[in-house]
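Everything below belongs to final.cif, which stores mmCIF, C-alpha atoms.
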```cif
data_entry
#
loop_
_atom_site.label_atom_id
_atom_site.label_comp_id
_atom_site.auth_asym_id
_atom_site.auth_seq_id
_atom_site.Cartn_x
_atom_site.Cartn_y
_atom_site.Cartn_z
CA MET A 16 86.81 54.92 32.15
CA ASN A 17 85.83 54.78 35.79
CA ASP A 18 82.06 54.26 36.01
CA ALA A 19 81.95 54.07 39.81
CA PRO A 20 79.29 56.35 41.33
CA SER A 21 80.49 59.59 42.82
CA PRO A 22 80.72 59.54 46.60
CA GLU A 23 77.89 61.26 48.44
CA PRO A 24 78.85 64.78 49.54
CA SER A 25 79.75 64.98 53.22
CA SER A 26 76.88 67.41 53.79
CA GLY A 27 74.41 64.76 52.61
CA ILE A 28 75.91 62.14 54.92
CA VAL A 29 75.72 64.52 57.87
CA ARG A 30 72.13 65.42 57.04
CA ARG A 31 71.12 61.77 56.91
CA ALA A 32 72.87 61.09 60.20
CA LEU A 33 71.10 64.04 61.81
CA ALA A 34 67.77 62.75 60.48
CA VAL A 35 68.36 59.34 62.08
CA VAL A 36 69.24 60.94 65.42
CA ALA A 37 66.28 63.31 65.20
CA GLY A 38 63.94 60.40 64.47
CA LYS A 39 65.09 58.53 67.55
CA LEU A 40 64.72 61.66 69.67
CA ILE A 41 61.18 62.23 68.36
CA ILE A 42 60.21 58.62 69.11
CA GLY A 43 61.68 58.94 72.61
CA ALA A 44 59.89 62.24 73.22
CA ALA A 45 56.59 60.79 72.01
CA GLY A 46 56.94 57.93 74.45
CA LEU A 47 57.93 60.23 77.30
CA LEU A 48 55.11 62.74 76.79
CA THR A 49 52.30 60.35 75.93
CA GLY A 50 53.38 56.90 77.11
CA VAL A 51 52.08 55.84 73.71
CA ARG A 52 51.39 52.18 73.14
CA ALA A 53 50.15 50.24 70.16
CA ILE A 54 47.24 47.81 70.32
CA TRP A 55 46.90 45.49 67.32
CA SER A 56 43.38 44.03 67.34
CA GLY A 57 42.31 41.90 64.42
CA THR A 58 45.67 42.26 62.69
CA SER A 59 49.38 42.25 63.44
CA PRO A 60 52.42 44.14 62.14
CA LYS A 61 53.23 42.60 58.76
CA ALA A 62 55.92 43.29 56.19
CA GLU A 63 53.21 43.93 53.60
CA GLN A 64 52.45 47.13 51.76
CA THR A 65 49.82 48.91 53.84
CA LEU A 66 47.68 52.03 53.79
CA TYR A 67 46.99 53.04 57.40
CA PHE A 68 43.96 55.36 57.63
CA ALA A 69 43.38 57.15 60.93
CA ASN A 70 41.38 59.86 62.68
CA HIS A 71 42.99 63.30 62.65
CA THR A 72 42.83 65.77 65.54
CA SER A 73 46.41 67.05 65.86
CA HIS A 74 49.57 67.77 63.88
CA GLY A 75 51.16 65.06 66.02
CA ASP A 76 48.86 62.27 64.81
CA PHE A 77 51.15 60.77 62.21
CA VAL A 78 54.11 61.11 64.60
CA LEU A 79 52.44 58.77 67.11
CA LEU A 80 51.27 56.31 64.48
CA TRP A 81 54.70 56.28 62.80
CA ALA A 82 56.46 55.93 66.17
CA THR A 83 54.41 52.87 67.17
CA LEU A 84 55.25 50.90 64.03
CA PRO A 85 58.06 48.35 64.33
CA PRO A 86 61.35 49.83 63.03
CA ASP A 87 61.41 47.72 59.85
CA LEU A 88 57.89 48.84 58.91
CA ARG A 89 58.54 52.42 59.96
CA ALA A 90 61.37 52.65 57.45
CA LEU A 91 58.98 51.73 54.63
CA THR A 92 56.03 53.90 55.69
CA ARG A 93 55.51 57.51 54.61
CA PRO A 94 53.04 59.84 56.33
CA VAL A 95 50.87 61.94 54.03
CA ALA A 96 51.36 65.51 55.26
CA GLY A 97 50.21 69.01 54.39
CA LEU A 98 52.74 70.92 52.28
CA ASP A 99 51.62 74.25 53.73
CA TYR A 100 52.44 73.24 57.31
CA TRP A 101 55.58 71.15 56.89
CA MET A 102 57.30 73.48 54.43
CA ALA A 103 56.64 76.61 56.48
CA SER A 104 60.11 76.67 58.07
CA LYS A 105 63.54 75.09 57.62
CA LEU A 106 63.09 73.00 60.77
CA ARG A 107 59.71 71.65 59.68
CA GLN A 108 61.11 70.93 56.21
CA PHE A 109 63.93 68.91 57.74
CA ILE A 110 61.62 66.97 60.05
CA GLY A 111 58.96 66.37 57.41
CA ALA A 112 61.21 65.52 54.47
CA ASP A 113 64.37 64.09 56.02
CA VAL A 114 63.14 62.48 59.23
CA PHE A 115 59.70 61.21 58.17
CA ASN A 116 60.15 61.10 54.38
CA ALA A 117 56.61 62.47 54.27
CA LEU A 118 54.57 62.64 51.08
CA MET A 119 53.81 66.36 50.88
CA ILE A 120 50.43 67.30 49.42
CA ARG A 121 48.90 70.69 48.74
CA ARG A 122 45.73 71.33 50.75
CA ASP A 123 44.86 74.92 49.84
CA GLY A 124 42.41 74.01 47.09
CA SER A 125 44.20 76.26 44.63
CA GLY A 126 44.30 73.57 41.94
CA GLN A 127 48.04 74.05 41.61
CA GLY A 128 50.37 71.08 41.78
CA ASP A 129 49.50 67.39 41.58
CA ASN A 130 46.18 65.94 42.64
CA PRO A 131 46.62 64.56 46.21
CA VAL A 132 44.91 61.26 45.41
CA GLU A 133 47.12 60.82 42.34
CA GLN A 134 50.19 61.54 44.46
CA MET A 135 49.19 58.87 46.98
CA LYS A 136 48.34 56.43 44.19
CA ALA A 137 51.77 56.97 42.61
CA ALA A 138 53.50 56.40 45.96
CA LEU A 139 51.57 53.17 46.55
CA GLU A 140 52.33 51.97 43.03
CA ALA A 141 56.01 52.67 43.72
CA GLY A 142 55.87 50.29 46.70
CA ASP A 143 55.55 52.70 49.63
CA SER A 144 53.25 52.16 52.58
CA LEU A 145 51.34 55.29 53.64
CA ILE A 146 49.69 56.89 56.66
CA MET A 147 46.67 58.97 55.61
CA PHE A 148 43.81 60.81 57.27
CA PRO A 149 40.60 60.30 55.27
CA GLU A 150 38.77 63.14 57.00
CA GLY A 151 40.96 65.42 54.87
CA THR A 152 41.60 67.97 57.61
CA ARG A 153 42.09 68.13 61.37
CA ASN A 154 38.95 67.63 63.41
CA THR A 155 39.06 70.54 65.87
CA GLY A 156 35.36 70.51 66.72
CA ASP A 157 33.10 68.35 68.86
CA GLU A 158 32.26 65.72 66.24
CA ILE A 159 33.74 62.30 66.93
CA LEU A 160 34.78 61.83 63.32
CA LEU A 161 34.31 64.08 60.31
CA PRO A 162 32.81 62.66 57.09
CA LEU A 163 35.41 60.67 55.15
CA LYS A 164 36.57 62.04 51.83
CA SER A 165 36.35 59.89 48.73
CA GLY A 166 40.13 59.59 48.29
CA LEU A 167 40.25 56.42 50.40
CA PHE A 168 37.75 54.76 48.07
CA HIS A 169 39.68 55.76 44.95
CA LEU A 170 42.93 54.43 46.42
CA ALA A 171 41.30 51.15 47.44
CA ARG A 172 39.99 50.73 43.91
CA ALA A 173 43.27 51.72 42.20
CA CYS A 174 45.56 49.64 44.48
CA PRO A 175 43.61 46.46 45.38
CA ASN A 176 46.69 44.60 46.66
CA VAL A 177 47.47 47.16 49.38
CA ARG A 178 46.27 46.30 52.91
CA LEU A 179 43.82 48.88 54.25
CA VAL A 180 44.23 49.08 58.02
CA PRO A 181 41.91 51.31 60.10
CA VAL A 182 43.54 53.13 63.03
CA TRP A 183 42.19 55.07 66.00
CA ILE A 184 44.50 57.51 67.80
CA GLU A 185 43.26 58.06 71.34
CA ASN A 186 43.81 61.13 73.53
CA LEU A 187 46.30 63.10 71.41
CA LYS A 188 43.82 65.94 70.97
CA ARG A 189 44.02 66.42 74.74
CA VAL A 190 47.81 66.18 74.78
CA LEU A 191 48.31 68.83 72.09
CA PRO A 192 45.18 71.02 71.88
CA LYS A 193 44.93 73.47 68.99
CA GLY A 194 46.93 76.62 69.62
CA THR A 195 49.15 75.20 72.37
CA LEU A 196 52.92 75.01 72.14
CA VAL A 197 53.69 72.88 75.21
CA PRO A 198 52.19 69.35 75.21
CA ILE A 199 50.24 68.15 78.24
CA PRO A 200 51.58 64.75 79.39
CA LEU A 201 48.77 62.21 79.01
CA ALA A 202 48.64 58.53 78.06
CA CYS A 203 47.84 57.88 74.40
CA THR A 204 47.00 54.71 72.52
CA VAL A 205 47.20 53.88 68.81
CA ARG A 206 44.75 51.09 67.98
CA PHE A 207 45.18 49.14 64.74
CA GLY A 208 42.10 47.28 63.50
CA THR A 209 41.18 44.49 61.12
CA PRO A 210 42.04 45.35 57.49
CA ILE A 211 39.09 46.07 55.22
CA VAL A 212 38.75 45.20 51.53
CA LEU A 213 36.82 46.93 48.79
CA ALA A 214 34.23 44.37 47.69
CA GLU A 215 33.67 43.70 44.02
CA GLY A 216 31.09 46.16 42.71
CA GLU A 217 30.88 48.02 46.04
CA ASP A 218 29.98 51.69 45.63
CA LYS A 219 31.72 54.64 47.23
CA LEU A 220 29.14 55.41 49.91
CA SER A 221 28.94 51.82 51.13
CA PHE A 222 32.70 51.45 51.28
CA LEU A 223 33.23 54.74 53.12
CA ALA A 224 30.49 53.84 55.59
CA ARG A 225 32.28 50.54 56.34
CA ALA A 226 35.64 52.30 56.65
CA ARG A 227 34.12 54.81 59.04
CA THR A 228 32.58 52.06 61.16
CA ALA A 229 35.89 50.18 61.22
CA MET A 230 37.57 53.28 62.65
CA LEU A 231 34.86 54.08 65.19
CA ASP A 232 34.74 50.48 66.42
CA LEU A 233 38.34 50.84 67.62
CA ARG A 234 37.45 53.43 70.24
CA PRO A 235 37.62 52.39 73.91
CA GLU A 236 34.31 51.89 75.69
CA TYR A 237 34.56 55.09 77.75
CA ASP A 238 34.80 57.09 74.51
CA ARG A 239 31.50 55.74 73.20
CA LEU A 240 29.20 57.32 75.79
CA ASP A 241 26.48 59.74 74.72
CA GLU A 242 27.05 59.10 71.04
CA THR A 243 25.08 61.14 68.55
CA PRO A 244 24.37 60.18 64.92
CA GLN A 245 27.22 61.12 62.60
CA PRO A 246 27.07 62.69 59.12
CA THR A 247 26.91 60.45 56.09
CA PRO A 248 30.34 59.99 54.47
CA GLY A 249 31.05 60.50 50.81
CA SER A 250 32.06 64.14 50.20
CA ALA A 251 34.51 64.74 47.38
CA ALA A 252 38.26 64.50 47.98
#
```

Encoding of this model in structure tokens:
Amino acid sequence: MNDAPSPEPSSGIVRRALAVVAGKLIIGAAGLLTGVRAIWSGTSPKAEQTLYFANHTSHGDFVLLWATLPPDLRALTRPVAGLDYWMASKLRQFIGADVFNALMIRRDGSGQGDNPVEQMKAALEAGDSLIMFPEGTRNTGDEILLPLKSGLFHLARACPNVRLVPVWIENLKRVLPKGTLVPIPLACTVRFGTPIVLAEGEDKLSFLARARTAMLDLRPEYDRLDETPQPTPGSAA
């Protein structure tokens, strides 16, 4: 009996090849439109399982973060993305699932499907690195950073060996404002900060406050003018 695996259908090979080409085109376009550069302060790119947690102002956030990772890390890192947006059309499905290998989560609050935190926990336990946005939704208002949801705390507690790297994505909200179809060319920066660790016995509010501070501390000086007090973190995931 021949136990050799069946060859992959040609359609699957073509789809994978198209995904590779599309990924390179997206990375090139991101660089062309935003001149995006990565700044690693307090850490460096490491071949270690990592949970990158970043501010969220645009659908393009995870694209920039993903694009600035070194190729070997990029191949192991999955963005956490909204099922409702990325499954809305065949093109988005292809980009989200085939190009980015995104972890699709349901955000409509219907209670249907898997719990988003459990989905992320399962992916981390399977060895994936993830890009997540702990605000839970896009920040389209005037607040610098929305309160962080508790999912980050639960993941830190459930997966203590995963590096937790804060990230600040600068200027993308101005490149791709809500409701616009054509990006506005403008320099963007993705700043990676010092990893944080959940301390033994640390409660949720204290941890989320530290995570929030770690993110805000990555902002450039010009973006810290006229600051106003921010809401206390700790709302439910």

| message | Can you translate the PyMOL selection byres ((chain A and resi 223-229) around 12) into the concrete residues it hits in this file, as a PyMOL selection string? | response | chain A and resi 56-57+67-70+148-150+159-171+179-183+206-214+217-222+230-234+245-251

Could you save the residues just selected, with C-alpha atoms, as a PDB file, in the coordinates of the input?
```
ATOM      1  CA  SER A  56      43.380  44.030  67.340  1.00  0.00           C
ATOM      2  CA  GLY A  57      42.310  41.900  64.420  1.00  0.00           C
ATOM      3  CA  TYR A  67      46.990  53.040  57.400  1.00  0.00           C
ATOM      4  CA  PHE A  68      43.960  55.360  57.630  1.00  0.00           C
ATOM      5  CA  ALA A  69      43.380  57.150  60.930  1.00  0.00           C
ATOM      6  CA  ASN A  70      41.380  59.860  62.680  1.00  0.00           C
ATOM      7  CA  PHE A 148      43.810  60.810  57.270  1.00  0.00           C
ATOM      8  CA  PRO A 149      40.600  60.300  55.270  1.00  0.00           C
ATOM      9  CA  GLU A 150      38.770  63.140  57.000  1.00  0.00           C
ATOM     10  CA  ILE A 159      33.740  62.300  66.930  1.00  0.00           C
ATOM     11  CA  LEU A 160      34.780  61.830  63.320  1.00  0.00           C
ATOM     12  CA  LEU A 161      34.310  64.080  60.310  1.00  0.00           C
ATOM     13  CA  PRO A 162      32.810  62.660  57.090  1.00  0.00           C
ATOM     14  CA  LEU A 163      35.410  60.670  55.150  1.00  0.00           C
ATOM     15  CA  LYS A 164      36.570  62.040  51.830  1.00  0.00           C
ATOM     16  CA  SER A 165      36.350  59.890  48.730  1.00  0.00           C
ATOM     17  CA  GLY A 166      40.130  59.590  48.290  1.00  0.00           C
ATOM     18  CA  LEU A 167      40.250  56.420  50.400  1.00  0.00           C
ATOM     19  CA  PHE A 168      37.750  54.760  48.070  1.00  0.00           C
ATOM     20  CA  HIS A 169      39.680  55.760  44.950  1.00  0.00           C
ATOM     21  CA  LEU A 170      42.930  54.430  46.420  1.00  0.00           C
ATOM     22  CA  ALA A 171      41.300  51.150  47.440  1.00  0.00           C
ATOM     23  CA  LEU A 179      43.820  48.880  54.250  1.00  0.00           C
ATOM     24  CA  VAL A 180      44.230  49.080  58.020  1.00  0.00           C
ATOM     25  CA  PRO A 181      41.910  51.310  60.100  1.00  0.00           C
ATOM     26  CA  VAL A 182      43.540  53.130  63.030  1.00  0.00           C
ATOM     27  CA  TRP A 183      42.190  55.070  66.000  1.00  0.00           C
ATOM     28  CA  ARG A 206      44.750  51.090  67.980  1.00  0.00           C
ATOM     29  CA  PHE A 207      45.180  49.140  64.740  1.00  0.00           C
ATOM     30  CA  GLY A 208      42.100  47.280  63.500  1.00  0.00           C
ATOM     31  CA  THR A 209      41.180  44.490  61.120  1.00  0.00           C
ATOM     32  CA  PRO A 210      42.040  45.350  57.490  1.00  0.00           C
ATOM     33  CA  ILE A 211      39.090  46.070  55.220  1.00  0.00           C
ATOM     34  CA  VAL A 212      38.750  45.200  51.530  1.00  0.00           C
ATOM     35  CA  LEU A 213      36.820  46.930  48.790  1.00  0.00           C
ATOM     36  CA  ALA A 214      34.230  44.370  47.690  1.00  0.00           C
ATOM     37  CA  GLU A 217      30.880  48.020  46.040  1.00  0.00           C
ATOM     38  CA  ASP A 218      29.980  51.690  45.630  1.00  0.00           C
ATOM     39  CA  LYS A 219      31.720  54.640  47.230  1.00  0.00           C
ATOM     40  CA  LEU A 220      29.140  55.410  49.910  1.00  0.00           C
ATOM     41  CA  SER A 221      28.940  51.820  51.130  1.00  0.00           C
ATOM     42  CA  PHE A 222      32.700  51.450  51.280  1.00  0.00           C
ATOM     43  CA  MET A 230      37.570  53.280  62.650  1.00  0.00           C
ATOM     44  CA  LEU A 231      34.860  54.080  65.190  1.00  0.00           C
ATOM     45  CA  ASP A 232      34.740  50.480  66.420  1.00  0.00           C
ATOM     46  CA  LEU A 233      38.340  50.840  67.620  1.00  0.00           C
ATOM     47  CA  ARG A 234      37.450  53.430  70.240  1.00  0.00           C
ATOM     48  CA  GLN A 245      27.220  61.120  62.600  1.00  0.00           C
ATOM     49  CA  PRO A 246      27.070  62.690  59.120  1.00  0.00           C
ATOM     50  CA  THR A 247      26.910  60.450  56.090  1.00  0.00           C
ATOM     51  CA  PRO A 248      30.340  59.990  54.470  1.00  0.00           C
ATOM     52  CA  GLY A 249      31.050  60.500  50.810  1.00  0.00           C
ATOM     53  CA  SER A 250      32.060  64.140  50.200  1.00  0.00           C
ATOM     54  CA  ALA A 251      34.510  64.740  47.380  1.00  0.00           C
TER      55      ALA A 251
END
```

| Within 12 Å of Arg93 of chain A using all atoms listed in the file, minus same-chain residues under 3 positions, as JSON, numbers by chain | {"A": [64, 65, 66, 67, 77, 78, 80, 81, 82, 84, 88, 89, 90, 96, 111, 112, 113, 114, 115, 116, 117, 118, 119, 135, 138, 139, 141, 142, 143, 144, 145, 146, 147]}

| Which residues, written as JSON, numbers by chain, have at least one atom at most 7 Å from segment 38-52 of chain A, with only C-alpha atoms counted and residues fewer than 2 positions away on the same chain left out? | {"A": [34, 35, 36, 54, 79, 82, 83, 114, 200, 201, 202, 203, 204, 205]}

| Which residues, written as a list in words, have at least one atom at most 10 Å from Ile120 of chain A, with all atoms listed in the file counted and residues fewer than 5 positions away on the same chain left out? |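 In the requested format, the answer is Val95, Ala96, Gly97, Leu98, Asp99, Trp101, Gly128, Asp129, Asn130, Pro131, Val132, Gln134 and Met135 of chain A.
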
| Can you tell me how far atom CA of Gly75 of chain A sits from atom CA of Pro94 of chain A, in Å to one decimal? |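 So the answer is 11.2 Å.
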
| Nearest candidate to Asp157 of chain A (options A:Ala37, A:Thr72, A:Arg30, A:Lys136; using all atoms listed in the file) |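 Checking each candidate against Asp157 of chain A, we get A:Thr72 as the closest.
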
| request: Using atom CA of Trp55 of chain A and atom CA of Asp87 of chain A as the two end points, give the distance in Å to one decimal. | output: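 Computing the Euclidean distance for atom CA of Trp55 of chain A and atom CA of Asp87 of chain A yields 16.5 Å.
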
Draw an axis-aligned box over all listed atoms of segment 67-83 of chain A, pad each side with 4 Å, and write its centre and edge lengths in Å, one decimal, as JSON.
```
{"center_x": 48.9, "center_y": 60.3, "center_z": 62.3, "size_x": 23.1, "size_y": 22.9, "size_z": 17.8}
```

| Mind pulling up the distance from atom CA of His74 of chain A to atom CA of Arg31 of chain A? | 23.4 Å

| remark: Using all atoms listed in the file, the best pick from A:Pro235, A:Pro86, A:Leu33, A:Thr58 as closest to Phe109 of chain A would be A:Leu33

| request: Measuring atom to atom with only C-alpha atoms, identify which of A:Thr152, A:Arg178, A:Arg121, A:Ser26 is nearest to His71 of chain A. | output: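 Answer, going by the shortest atom-to-atom distance: A:Thr152.
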